[in-house]
Protein chains: 2
Amino acid sequence: MEYCFGVDIGGTTVKMGLFSAEGELIHKWEIKTQTQNEGERILPDVAESILREMDERDITAGQVLGVGVGIPAPVNSEGIVQNTANLGWGYKDVKGELSKLLSGLEVRAGNDANVAALGEMWMGGGQGRKNVVMVTLGTGVGGGIIHNGRIVVGENGAGGEIGHICVNYEEKEKCGCGKTGCLEQYASATGIARLARRRLAKYHEQTILNREDISAKTVFDAVKKKDEVAIKIAEEFGVYLGHALANIAVIFDPAVIVIGGGVSRAGEVLLPFIEKPFRERAFFANQNTEFALAMLGNDAGIYGAAKLVLDE
Amino acid sequence: MEYCFGVDIGGTTVKMGLFSAEGELIHKWEIKTQTQNEGERILPDVAESILREMDERDITAGQVLGVGVGIPAPVNSEGIVQNTANLGWGYKDVKGELSKLLSGLEVRAGNDANVAALGEMWMGGGQGRKNVVMVTLGTGVGGGIIHNGRIVVGENGAGGEIGHICVNYEEKEKCGCGKTGCLEQYASATGIARLARRRLAKYHEQTILNREDISAKTVFDAVKKKDEVAIKIAEEFGVYLGHALANIAVIFDPAVIVIGGGVSRAGEVLLPFIEKPFRERAFFANQNTEFALAMLGNDAGIYGAAKLVLDE
């Protein structure tokens with residue numbers, strides 16, 4: 001039997017999975033991410049954990065097709081990172097170093113959001129399709145573009161940075177990236193809460209929303225109870241996101257757009273708010289683009305990382 | 001010696017090129033595009049012309065790596081067209097039919113704008129790079145995205161339709177596609193003329209522009225003579241195009257953006273108008289994206305078509 005490993009390195013934990021070559025998740029576990037001393041322990045810890053797992057299950061190196069790794073930073077097509085925001089690493093040859101620690105096992109590395117998109121294409125909301133746009137609505141807005149089954153990595157490993165498309169040239173407040181009007185300012189969990197606070201400050205409408213407890217979750221909970229103010233906030237969010245996705249679709253022509261991240265836990269209620277403005281603005285060739293919710297949750301990263309090594 | 005053919009099918013002529021496997025254009029010629037009777041003669045005419053060329057030069061089928069074809073319509077990854085605006089074809093299995101007419105020679109087909117982008121990557125303004133965005137400013141705005149050396153085809157063969165990104169949600173006039181606010185309405189040759197006419201109607205400024213003879217060419221000719229009104233029109237064009245390209249770059253992370261089409265004949269004077277608003281809006285990871293003018297002119301299509309068959 002043949003195996004591969006999927007590793008999803010985050011700022012606090014490293015998620016790890018042992019997969020069969022057919023994509024069955026056999027075992028998943030986590031280790032702590034040791035970011036001190038410029039993150040020098042991260043890759044050795046990952047390697048030790050993989051070698052222990054192989055040892056415990058009597059898996060030989062010859063049975064392991066490889067180890068895929070997702071990293072919260074741009075990763076170029078050679079598996080090299082130039083800098084990270086929260087791992088402590090500066091320049092890091094992830095592919096080269098980890099492969100050496102694993103006695104030459106094949107290693108592939110990619111950006112975590114891109115890798116999660118690959119995972120959703122493989123075994124989640126985009127299953128069976130090869131052209132997938134995934135947008136992850138969390139604290140920020142991340143994303144990944146899968147073209148013909150492969151991640152669009154880009155020249156600097158910065159492909160798929162959907163959150164930093166400009167959707168509002170009139171915006172005065174700054175995005176975390178330093179620009180203004182980024183999609184992330186309207187479609188992330190924090191962005192939705194910001195839209196809600198703006199609306200509540202501007203209008204004095206009757207609503208079940210509690211001004212002291214505004215979040216993407218409380219907004220969509222109120223939408224489910226048919227609160228009209230919450231519905232207007234969701235509509236505003238949907239216009240920004242739907243129009244941005246129509247512009248992405250006209251360049252990429254995806255089969256399916258997968259919506260993931262914490263905000264997507266609102267469930268099916270979310271999709272019509274995005275789809276309606278998308279259809280209003282989509283190019284005729286993209287009118288059949290489907291929408292789906294992500295299905296793998298926090299496991300998308302390990303699935304996608306494993307898939308990285310299963311592609312020839 | 002090994003050869004390949006590049007074929008660029010247009011509404012009035014078919015451009016054809018014989019190339020060495022190393023990319024040298026050995027001979028180029030044109031035939032008429034016979035669009036009558038649902039374009040039934042187009043592929044047989046192409047096949048006869050190729051077979052005659054092979055015969056005249058004593059090239060055997062074994063020496064021909066293949067025939068690449070660019071088509072003015074969406075072409076899916078199997079080389080199939082569903083419909084064409086100006087060839088007379090409805091559904092057409094270009095790859096299958098042309099290969100049969102050529103006794104089984106390998107045939108590949110792609111959208112003409114995408115194929116031209118591949119040509120510019122191979123031997124033109126994007127030479128030496130693998131991640132290229134090409135935007136073609138002609139009667140309309142076309143484009144092609146090359147990721148890791150390959151065309152981004154998309155699910156329906158409609159990838160790279162840059163001209164139909166929405167850049168102005170306030171626009172009232174309709175684009176040819178039926179939507180409003182498409183990039184094509186501001187950055188094509190006709191779009192630039194429209195911006196010029198709008199400005200001349202709105203303001204009564206002193207200018208060397210002749211209201212009776214407004215075109216993209218007369219605007220950029222006046223820019224070269226430092227006419228301030230023409231410069232303002234070029235700036236408006238550049239903001240629409242530069243901002244759209246910044247949004248494309250944040251998803252694709254290209255090494256270089258190549259500007260082609262009739263408008264690009266204005267030359268180097270064009271680029272700063274596009275680059276300045278691009279840099280103002282580009283994501284930090286895309287700040288080093290280069291700009292270049294297309295170099296192959298009307299031959300980009302035959303170069304790119306030939307390159308289609310040289311990729312394994």
# chains A, B, ... in the order shown; residues from 1 in each chain; ligands from 1
>>> select_by_dssp(residues="range 25-272 of chain A", states="helix (DSSP H, G or I)", output="PyMOL selection string")
chain A and resi 36-39+42-56+61-63+94-101+112-123+162-164+184-187+189-202+216-224+228-252+262-272
>>> interface_residues(of="chain B", to="chain A", cutoff="10 Å", atoms="only C-alpha atoms", output="compact mmCIF listing (two decimals) with all heavy atoms, in the first residue's frame")
# COMPACT_ATOMS: atom_id res chain seq x y z
N PRO B 74 -14.36 31.10 -28.05
CA PRO B 74 -13.89 30.24 -26.97
C PRO B 74 -13.62 28.82 -27.48
O PRO B 74 -14.40 28.30 -28.29
CB PRO B 74 -15.08 30.23 -25.99
CG PRO B 74 -15.85 31.47 -26.29
CD PRO B 74 -15.71 31.65 -27.78
N SER B 77 -10.60 22.85 -23.67
CA SER B 77 -9.29 22.18 -23.60
C SER B 77 -9.23 20.95 -24.50
O SER B 77 -8.16 20.41 -24.73
CB SER B 77 -8.95 21.83 -22.15
OG SER B 77 -10.03 21.14 -21.55
N ARG B 129 9.80 34.69 -19.71
CA ARG B 129 8.95 34.63 -18.52
C ARG B 129 7.90 33.55 -18.71
O ARG B 129 7.56 33.21 -19.85
CB ARG B 129 8.26 35.97 -18.27
CG ARG B 129 9.14 37.18 -18.50
CD ARG B 129 10.50 37.08 -17.83
NE ARG B 129 10.47 37.23 -16.39
CZ ARG B 129 10.63 38.38 -15.76
NH1 ARG B 129 10.80 39.49 -16.45
NH2 ARG B 129 10.61 38.43 -14.45
N LYS B 130 7.39 33.03 -17.62
CA LYS B 130 6.38 31.97 -17.71
C LYS B 130 5.02 32.41 -17.18
O LYS B 130 4.03 31.72 -17.36
CB LYS B 130 6.85 30.74 -16.94
CG LYS B 130 8.12 30.13 -17.54
CD LYS B 130 8.64 28.98 -16.71
CE LYS B 130 7.85 27.71 -17.00
NZ LYS B 130 8.39 26.57 -16.24
N ASN B 131 4.98 33.55 -16.49
CA ASN B 131 3.72 34.06 -15.95
C ASN B 131 3.45 35.43 -16.57
O ASN B 131 4.07 36.42 -16.18
CB ASN B 131 3.78 34.14 -14.44
CG ASN B 131 3.93 32.77 -13.80
OD1 ASN B 131 3.09 31.90 -14.00
ND2 ASN B 131 5.02 32.56 -13.08
N VAL B 132 2.57 35.43 -17.55
CA VAL B 132 2.38 36.61 -18.39
C VAL B 132 0.89 36.94 -18.49
O VAL B 132 0.07 36.05 -18.69
CB VAL B 132 2.94 36.35 -19.81
CG1 VAL B 132 2.69 37.53 -20.72
CG2 VAL B 132 4.43 36.02 -19.75
N GLY B 143 -7.54 39.47 -24.37
CA GLY B 143 -6.44 39.19 -23.46
C GLY B 143 -6.14 37.73 -23.37
O GLY B 143 -6.87 36.87 -23.92
N GLY B 144 -5.07 37.44 -22.70
CA GLY B 144 -4.69 36.06 -22.46
C GLY B 144 -3.84 36.01 -21.21
O GLY B 144 -3.07 36.93 -20.94
N ILE B 145 -4.04 34.94 -20.46
CA ILE B 145 -3.27 34.76 -19.23
C ILE B 145 -2.43 33.52 -19.41
O ILE B 145 -2.96 32.44 -19.73
CB ILE B 145 -4.20 34.53 -18.03
CG1 ILE B 145 -5.34 35.55 -18.00
CG2 ILE B 145 -3.41 34.50 -16.74
CD1 ILE B 145 -5.06 36.83 -17.36
N ILE B 146 -1.13 33.65 -19.23
CA ILE B 146 -0.25 32.50 -19.31
C ILE B 146 0.27 32.22 -17.92
O ILE B 146 0.91 33.07 -17.30
CB ILE B 146 0.95 32.77 -20.26
CG1 ILE B 146 0.46 33.32 -21.61
CG2 ILE B 146 1.78 31.51 -20.43
CD1 ILE B 146 -0.43 32.40 -22.39
N HIS B 147 -0.08 31.05 -17.40
CA HIS B 147 0.39 30.67 -16.08
C HIS B 147 1.33 29.48 -16.20
O HIS B 147 0.97 28.45 -16.75
CB HIS B 147 -0.77 30.31 -15.15
CG HIS B 147 -0.29 29.89 -13.80
ND1 HIS B 147 -0.26 28.59 -13.39
CD2 HIS B 147 0.25 30.62 -12.79
CE1 HIS B 147 0.24 28.54 -12.17
NE2 HIS B 147 0.56 29.75 -11.78
N ASN B 148 2.54 29.67 -15.70
CA ASN B 148 3.54 28.62 -15.75
C ASN B 148 3.73 28.08 -17.18
O ASN B 148 3.86 26.89 -17.40
CB ASN B 148 3.15 27.49 -14.78
CG ASN B 148 4.36 26.74 -14.26
OD1 ASN B 148 5.50 27.20 -14.41
ND2 ASN B 148 4.14 25.58 -13.71
N ILE B 151 -1.53 28.41 -21.32
CA ILE B 151 -2.71 29.27 -21.38
C ILE B 151 -3.72 28.89 -20.30
O ILE B 151 -3.99 27.70 -20.09
CB ILE B 151 -3.40 29.12 -22.77
CG1 ILE B 151 -2.51 29.71 -23.87
CG2 ILE B 151 -4.78 29.76 -22.78
CD1 ILE B 151 -2.97 29.37 -25.28
N VAL B 152 -4.27 29.89 -19.61
CA VAL B 152 -5.40 29.66 -18.72
C VAL B 152 -6.66 29.60 -19.59
O VAL B 152 -7.18 30.63 -20.03
CB VAL B 152 -5.51 30.76 -17.65
CG1 VAL B 152 -6.79 30.62 -16.85
CG2 VAL B 152 -4.30 30.71 -16.71
N VAL B 153 -7.09 28.38 -19.86
CA VAL B 153 -8.18 28.14 -20.81
C VAL B 153 -9.54 28.33 -20.15
O VAL B 153 -10.44 28.94 -20.72
CB VAL B 153 -8.08 26.70 -21.39
CG1 VAL B 153 -9.27 26.39 -22.28
CG2 VAL B 153 -6.77 26.52 -22.14
N GLY B 154 -9.65 27.83 -18.93
CA GLY B 154 -10.93 27.91 -18.21
C GLY B 154 -11.89 26.80 -18.61
O GLY B 154 -11.65 26.06 -19.56
N GLU B 155 -12.98 26.74 -17.86
CA GLU B 155 -13.94 25.63 -17.99
C GLU B 155 -14.61 25.60 -19.36
O GLU B 155 -14.84 24.55 -19.93
CB GLU B 155 -15.00 25.77 -16.90
CG GLU B 155 -15.94 24.61 -16.78
CD GLU B 155 -15.27 23.34 -16.30
OE1 GLU B 155 -14.14 23.38 -15.78
OE2 GLU B 155 -15.89 22.27 -16.46
N ASN B 156 -14.93 26.78 -19.90
CA ASN B 156 -15.64 26.86 -21.18
C ASN B 156 -14.76 27.43 -22.29
O ASN B 156 -15.27 27.86 -23.32
CB ASN B 156 -16.88 27.76 -21.03
CG ASN B 156 -17.75 27.34 -19.87
OD1 ASN B 156 -18.38 26.29 -19.91
ND2 ASN B 156 -17.74 28.13 -18.79
N GLY B 157 -13.46 27.49 -22.05
CA GLY B 157 -12.57 28.10 -23.03
C GLY B 157 -12.68 29.61 -23.04
O GLY B 157 -12.22 30.27 -23.97
N ALA B 158 -13.27 30.18 -21.99
CA ALA B 158 -13.49 31.63 -21.95
C ALA B 158 -12.55 32.32 -20.97
O ALA B 158 -12.82 33.43 -20.52
CB ALA B 158 -14.95 31.92 -21.60
N GLY B 159 -11.42 31.69 -20.64
CA GLY B 159 -10.44 32.33 -19.76
C GLY B 159 -9.82 33.55 -20.43
O GLY B 159 -9.76 33.64 -21.65
N GLY B 160 -9.39 34.51 -19.61
CA GLY B 160 -8.66 35.67 -20.13
C GLY B 160 -9.50 36.73 -20.81
O GLY B 160 -8.98 37.55 -21.55
N GLU B 161 -10.80 36.76 -20.53
CA GLU B 161 -11.68 37.77 -21.18
C GLU B 161 -11.57 39.12 -20.45
O GLU B 161 -12.57 39.69 -19.97
CB GLU B 161 -13.13 37.27 -21.22
CG GLU B 161 -13.37 36.16 -22.21
CD GLU B 161 -13.40 36.64 -23.67
OE1 GLU B 161 -13.30 37.86 -23.92
OE2 GLU B 161 -13.53 35.77 -24.55
N ILE B 162 -10.35 39.60 -20.41
CA ILE B 162 -10.01 40.81 -19.66
C ILE B 162 -10.90 42.00 -19.99
O ILE B 162 -11.21 42.83 -19.14
CB ILE B 162 -8.52 41.15 -19.93
CG1 ILE B 162 -7.62 40.08 -19.29
CG2 ILE B 162 -8.17 42.54 -19.46
CD1 ILE B 162 -6.16 40.22 -19.67
N GLY B 163 -11.31 42.10 -21.25
CA GLY B 163 -12.11 43.24 -21.70
C GLY B 163 -13.44 43.38 -21.00
O GLY B 163 -14.04 44.45 -21.02
N HIS B 164 -13.89 42.30 -20.36
CA HIS B 164 -15.21 42.34 -19.76
C HIS B 164 -15.19 42.32 -18.24
O HIS B 164 -16.20 42.03 -17.58
CB HIS B 164 -16.12 41.27 -20.38
CG HIS B 164 -16.25 41.50 -21.85
ND1 HIS B 164 -17.02 42.51 -22.36
CD2 HIS B 164 -15.58 40.95 -22.90
CE1 HIS B 164 -16.86 42.55 -23.68
NE2 HIS B 164 -16.00 41.62 -24.03
N ILE B 165 -14.04 42.66 -17.68
CA ILE B 165 -13.99 43.03 -16.26
C ILE B 165 -14.78 44.31 -16.11
O ILE B 165 -14.65 45.23 -16.93
CB ILE B 165 -12.52 43.27 -15.85
CG1 ILE B 165 -11.77 41.96 -15.79
CG2 ILE B 165 -12.44 44.03 -14.53
CD1 ILE B 165 -10.33 42.13 -15.40
N CYS B 166 -15.60 44.40 -15.07
CA CYS B 166 -16.32 45.65 -14.82
C CYS B 166 -15.40 46.61 -14.08
O CYS B 166 -14.85 46.28 -13.04
CB CYS B 166 -17.59 45.39 -14.01
SG CYS B 166 -18.53 46.93 -13.77
N VAL B 167 -15.22 47.81 -14.64
CA VAL B 167 -14.36 48.81 -14.00
C VAL B 167 -15.14 50.06 -13.61
O VAL B 167 -14.57 50.99 -13.03
CB VAL B 167 -13.17 49.22 -14.92
CG1 VAL B 167 -12.26 48.02 -15.16
CG2 VAL B 167 -13.66 49.80 -16.25
N TYR B 169 -19.08 50.80 -12.17
CA TYR B 169 -20.44 50.35 -11.87
C TYR B 169 -21.47 51.45 -12.09
O TYR B 169 -22.67 51.21 -11.98
CB TYR B 169 -20.51 49.80 -10.44
CG TYR B 169 -19.74 48.50 -10.29
CD1 TYR B 169 -18.44 48.48 -9.81
CD2 TYR B 169 -20.31 47.30 -10.70
CE1 TYR B 169 -17.72 47.29 -9.72
CE2 TYR B 169 -19.61 46.11 -10.61
CZ TYR B 169 -18.31 46.12 -10.13
OH TYR B 169 -17.61 44.94 -10.05
N CYS B 177 -21.12 43.32 -25.04
CA CYS B 177 -21.47 42.04 -24.37
C CYS B 177 -22.83 42.12 -23.70
O CYS B 177 -23.32 41.11 -23.20
CB CYS B 177 -20.40 41.65 -23.37
SG CYS B 177 -20.48 42.55 -21.80
N GLY B 178 -23.42 43.33 -23.64
CA GLY B 178 -24.73 43.47 -23.00
C GLY B 178 -24.66 44.01 -21.58
O GLY B 178 -25.67 44.43 -21.03
N LYS B 179 -23.45 43.99 -20.98
CA LYS B 179 -23.28 44.53 -19.63
C LYS B 179 -22.89 46.00 -19.71
O LYS B 179 -22.72 46.55 -20.81
CB LYS B 179 -22.19 43.75 -18.89
CG LYS B 179 -22.48 42.28 -18.74
CD LYS B 179 -23.49 42.03 -17.65
CE LYS B 179 -23.93 40.57 -17.62
NZ LYS B 179 -25.08 40.38 -16.73
N THR B 180 -22.67 46.63 -18.58
CA THR B 180 -22.22 48.03 -18.56
C THR B 180 -20.94 48.14 -17.73
O THR B 180 -20.75 47.39 -16.78
CB THR B 180 -23.28 48.95 -17.94
OG1 THR B 180 -23.58 48.47 -16.63
CG2 THR B 180 -24.54 49.01 -18.77
N GLY B 181 -20.09 49.08 -18.14
CA GLY B 181 -18.90 49.37 -17.35
C GLY B 181 -17.71 48.46 -17.61
O GLY B 181 -16.76 48.45 -16.84
N CYS B 182 -17.76 47.69 -18.71
CA CYS B 182 -16.65 46.79 -19.05
C CYS B 182 -15.40 47.59 -19.43
O CYS B 182 -15.50 48.65 -20.06
CB CYS B 182 -17.03 45.90 -20.23
SG CYS B 182 -18.32 44.72 -19.85
N HIS B 243 -5.87 50.21 -13.06
CA HIS B 243 -6.56 49.65 -11.90
C HIS B 243 -7.06 48.24 -12.19
O HIS B 243 -6.98 47.36 -11.33
CB HIS B 243 -7.70 50.57 -11.47
CG HIS B 243 -7.23 51.83 -10.80
ND1 HIS B 243 -8.09 52.81 -10.36
CD2 HIS B 243 -5.99 52.27 -10.49
CE1 HIS B 243 -7.39 53.80 -9.81
NE2 HIS B 243 -6.11 53.50 -9.89
N ALA B 244 -7.59 48.02 -13.38
CA ALA B 244 -8.04 46.67 -13.73
C ALA B 244 -6.86 45.69 -13.71
O ALA B 244 -6.97 44.57 -13.20
CB ALA B 244 -8.69 46.67 -15.12
N ALA B 246 -4.15 45.96 -11.93
CA ALA B 246 -3.74 45.72 -10.54
C ALA B 246 -4.62 44.63 -9.93
O ALA B 246 -4.13 43.77 -9.18
CB ALA B 246 -3.84 47.01 -9.72
N ASN B 247 -5.91 44.63 -10.26
CA ASN B 247 -6.80 43.58 -9.76
C ASN B 247 -6.50 42.23 -10.39
O ASN B 247 -6.63 41.19 -9.74
CB ASN B 247 -8.27 43.97 -10.00
CG ASN B 247 -8.81 44.87 -8.90
OD1 ASN B 247 -8.15 45.11 -7.89
ND2 ASN B 247 -10.02 45.37 -9.09
N ILE B 248 -6.10 42.24 -11.65
CA ILE B 248 -5.71 40.97 -12.28
C ILE B 248 -4.42 40.46 -11.65
O ILE B 248 -4.27 39.27 -11.37
CB ILE B 248 -5.54 41.16 -13.80
CG1 ILE B 248 -6.90 41.51 -14.44
CG2 ILE B 248 -4.95 39.91 -14.44
CD1 ILE B 248 -6.81 41.89 -15.91
N ALA B 249 -3.49 41.37 -11.38
CA ALA B 249 -2.18 40.97 -10.85
C ALA B 249 -2.31 40.35 -9.46
O ALA B 249 -1.59 39.41 -9.13
CB ALA B 249 -1.24 42.16 -10.81
N VAL B 250 -3.23 40.85 -8.65
CA VAL B 250 -3.34 40.34 -7.28
C VAL B 250 -3.90 38.91 -7.26
O VAL B 250 -3.70 38.18 -6.30
CB VAL B 250 -4.17 41.30 -6.39
CG1 VAL B 250 -5.65 41.16 -6.61
CG2 VAL B 250 -3.84 41.11 -4.92
N ILE B 251 -4.53 38.50 -8.35
CA ILE B 251 -4.99 37.11 -8.41
C ILE B 251 -3.98 36.23 -9.14
O ILE B 251 -3.85 35.06 -8.83
CB ILE B 251 -6.37 36.96 -9.10
CG1 ILE B 251 -7.03 38.30 -9.43
CG2 ILE B 251 -7.28 36.13 -8.24
CD1 ILE B 251 -8.39 38.13 -10.07
N PHE B 252 -3.26 36.78 -10.14
CA PHE B 252 -2.37 35.97 -10.98
C PHE B 252 -0.91 36.07 -10.68
O PHE B 252 -0.14 35.21 -11.07
CB PHE B 252 -2.49 36.43 -12.44
CG PHE B 252 -3.43 35.60 -13.14
CD1 PHE B 252 -4.65 36.11 -13.53
CD2 PHE B 252 -3.14 34.28 -13.41
CE1 PHE B 252 -5.56 35.33 -14.15
CE2 PHE B 252 -4.05 33.49 -14.04
CZ PHE B 252 -5.26 34.02 -14.41
N ASP B 253 -0.50 37.22 -10.09
CA ASP B 253 0.91 37.42 -9.78
C ASP B 253 1.80 37.19 -11.01
O ASP B 253 2.68 36.33 -11.01
CB ASP B 253 1.27 36.46 -8.62
CG ASP B 253 2.66 36.69 -8.08
OD1 ASP B 253 3.27 37.73 -8.38
OD2 ASP B 253 3.16 35.79 -7.37
N PRO B 254 1.58 37.96 -12.09
CA PRO B 254 2.39 37.77 -13.30
C PRO B 254 3.78 38.40 -13.15
O PRO B 254 3.97 39.32 -12.35
CB PRO B 254 1.61 38.53 -14.37
CG PRO B 254 0.93 39.63 -13.61
CD PRO B 254 0.61 39.06 -12.24
N ALA B 255 4.73 37.89 -13.93
CA ALA B 255 6.05 38.52 -13.99
C ALA B 255 5.99 39.77 -14.85
O ALA B 255 6.63 40.78 -14.57
CB ALA B 255 7.06 37.53 -14.58
N VAL B 256 5.20 39.70 -15.91
CA VAL B 256 5.16 40.81 -16.86
C VAL B 256 3.75 40.95 -17.45
O VAL B 256 3.04 39.96 -17.63
CB VAL B 256 6.22 40.62 -17.98
CG1 VAL B 256 6.00 39.34 -18.76
CG2 VAL B 256 6.28 41.81 -18.94
N GLU B 280 -0.03 52.55 -8.07
CA GLU B 280 -0.78 53.14 -6.96
C GLU B 280 -1.73 52.13 -6.31
O GLU B 280 -2.04 52.22 -5.14
CB GLU B 280 -1.59 54.35 -7.45
CG GLU B 280 -0.73 55.59 -7.68
CD GLU B 280 -1.45 56.65 -8.51
OE1 GLU B 280 -2.65 56.48 -8.83
OE2 GLU B 280 -0.81 57.65 -8.86
N ARG B 281 -2.21 51.19 -7.10
CA ARG B 281 -3.23 50.26 -6.61
C ARG B 281 -2.72 48.84 -6.44
O ARG B 281 -3.45 47.99 -5.93
CB ARG B 281 -4.42 50.24 -7.59
CG ARG B 281 -5.34 51.44 -7.42
CD ARG B 281 -6.16 51.31 -6.16
NE ARG B 281 -6.83 52.55 -5.81
CZ ARG B 281 -7.53 52.71 -4.68
NH1 ARG B 281 -7.65 51.72 -3.83
NH2 ARG B 281 -8.09 53.85 -4.41
N ALA B 282 -1.50 48.54 -6.88
CA ALA B 282 -1.05 47.15 -6.85
C ALA B 282 -0.75 46.69 -5.44
O ALA B 282 -0.23 47.45 -4.61
CB ALA B 282 0.18 46.97 -7.74
N PHE B 283 -1.04 45.45 -5.16
CA PHE B 283 -0.72 44.76 -3.90
C PHE B 283 0.80 44.74 -3.77
O PHE B 283 1.52 44.69 -4.76
CB PHE B 283 -1.27 43.34 -4.02
CG PHE B 283 -1.25 42.52 -2.76
CD1 PHE B 283 -1.80 42.99 -1.58
CD2 PHE B 283 -0.70 41.25 -2.77
CE1 PHE B 283 -1.81 42.20 -0.43
CE2 PHE B 283 -0.71 40.45 -1.63
CZ PHE B 283 -1.26 40.93 -0.46
N PHE B 284 1.31 44.76 -2.53
CA PHE B 284 2.77 44.86 -2.37
C PHE B 284 3.52 43.74 -3.08
O PHE B 284 4.58 43.97 -3.65
CB PHE B 284 3.16 44.94 -0.89
CG PHE B 284 2.81 43.73 -0.07
CD1 PHE B 284 3.67 42.64 -0.01
CD2 PHE B 284 1.62 43.66 0.64
CE1 PHE B 284 3.35 41.53 0.74
CE2 PHE B 284 1.28 42.55 1.39
CZ PHE B 284 2.16 41.47 1.43
N ALA B 285 2.95 42.55 -3.12
CA ALA B 285 3.65 41.43 -3.77
C ALA B 285 3.75 41.61 -5.28
O ALA B 285 4.53 40.92 -5.94
CB ALA B 285 2.94 40.12 -3.45
N ASN B 286 2.96 42.52 -5.85
CA ASN B 286 2.95 42.71 -7.30
C ASN B 286 3.64 43.99 -7.74
O ASN B 286 3.55 44.39 -8.90
CB ASN B 286 1.51 42.72 -7.84
CG ASN B 286 0.69 41.55 -7.35
OD1 ASN B 286 -0.33 41.72 -6.73
ND2 ASN B 286 1.17 40.35 -7.61
N ASN B 288 6.65 44.64 -8.28
CA ASN B 288 7.74 44.48 -9.25
C ASN B 288 7.28 43.97 -10.61
O ASN B 288 8.11 43.72 -11.49
CB ASN B 288 8.81 43.54 -8.69
CG ASN B 288 9.50 44.16 -7.49
OD1 ASN B 288 9.67 45.37 -7.43
ND2 ASN B 288 9.86 43.33 -6.53
N THR B 289 5.99 43.81 -10.78
CA THR B 289 5.47 43.38 -12.08
C THR B 289 5.96 44.35 -13.16
O THR B 289 5.86 45.56 -13.01
CB THR B 289 3.93 43.37 -12.06
OG1 THR B 289 3.49 42.57 -10.96
CG2 THR B 289 3.36 42.82 -13.36
>>> closest_residue(among="B:Ala222, B:Leu296, B:Met1, B:Ile302", to="Ile59 in chain B", atoms="only C-alpha atoms")
B:Met1
>>> select_by_dssp(residues="range 137-293 of chain B", states="strand (DSSP E)", output="PyMOL selection string")
chain B and resi 137+141-147+150-151+256-260+290-293
>>> residues_around(residues="range 208-210 of chain A", least_positions_apart="3", cutoff="12 Å", atoms="only C-alpha atoms", output="PyMOL selection string")
chain A and resi 193+196-197+199-200+204-205+213-231+233
>>> residues_around(residues="Phe291 in chain B", least_positions_apart="3", cutoff="10 Å", atoms="only C-alpha atoms", output="JSON, numbers by chain")
{"B": [125, 126, 133, 134, 255, 256, 257, 258, 259, 271, 272, 274, 275, 288, 294]}
>>> closest_residue(among="A:Gly62, A:Gly11, A:Leu293, A:Leu98", to="Glu268 in chain A", atoms="only C-alpha atoms")
A:Leu293
>>> residues_around(residues="Val14 in chain A", least_positions_apart="3", cutoff="10 Å", atoms="only C-alpha atoms", output="ChimeraX atom specification")
/A:7-11,29-34,42,45-46,69-71,302
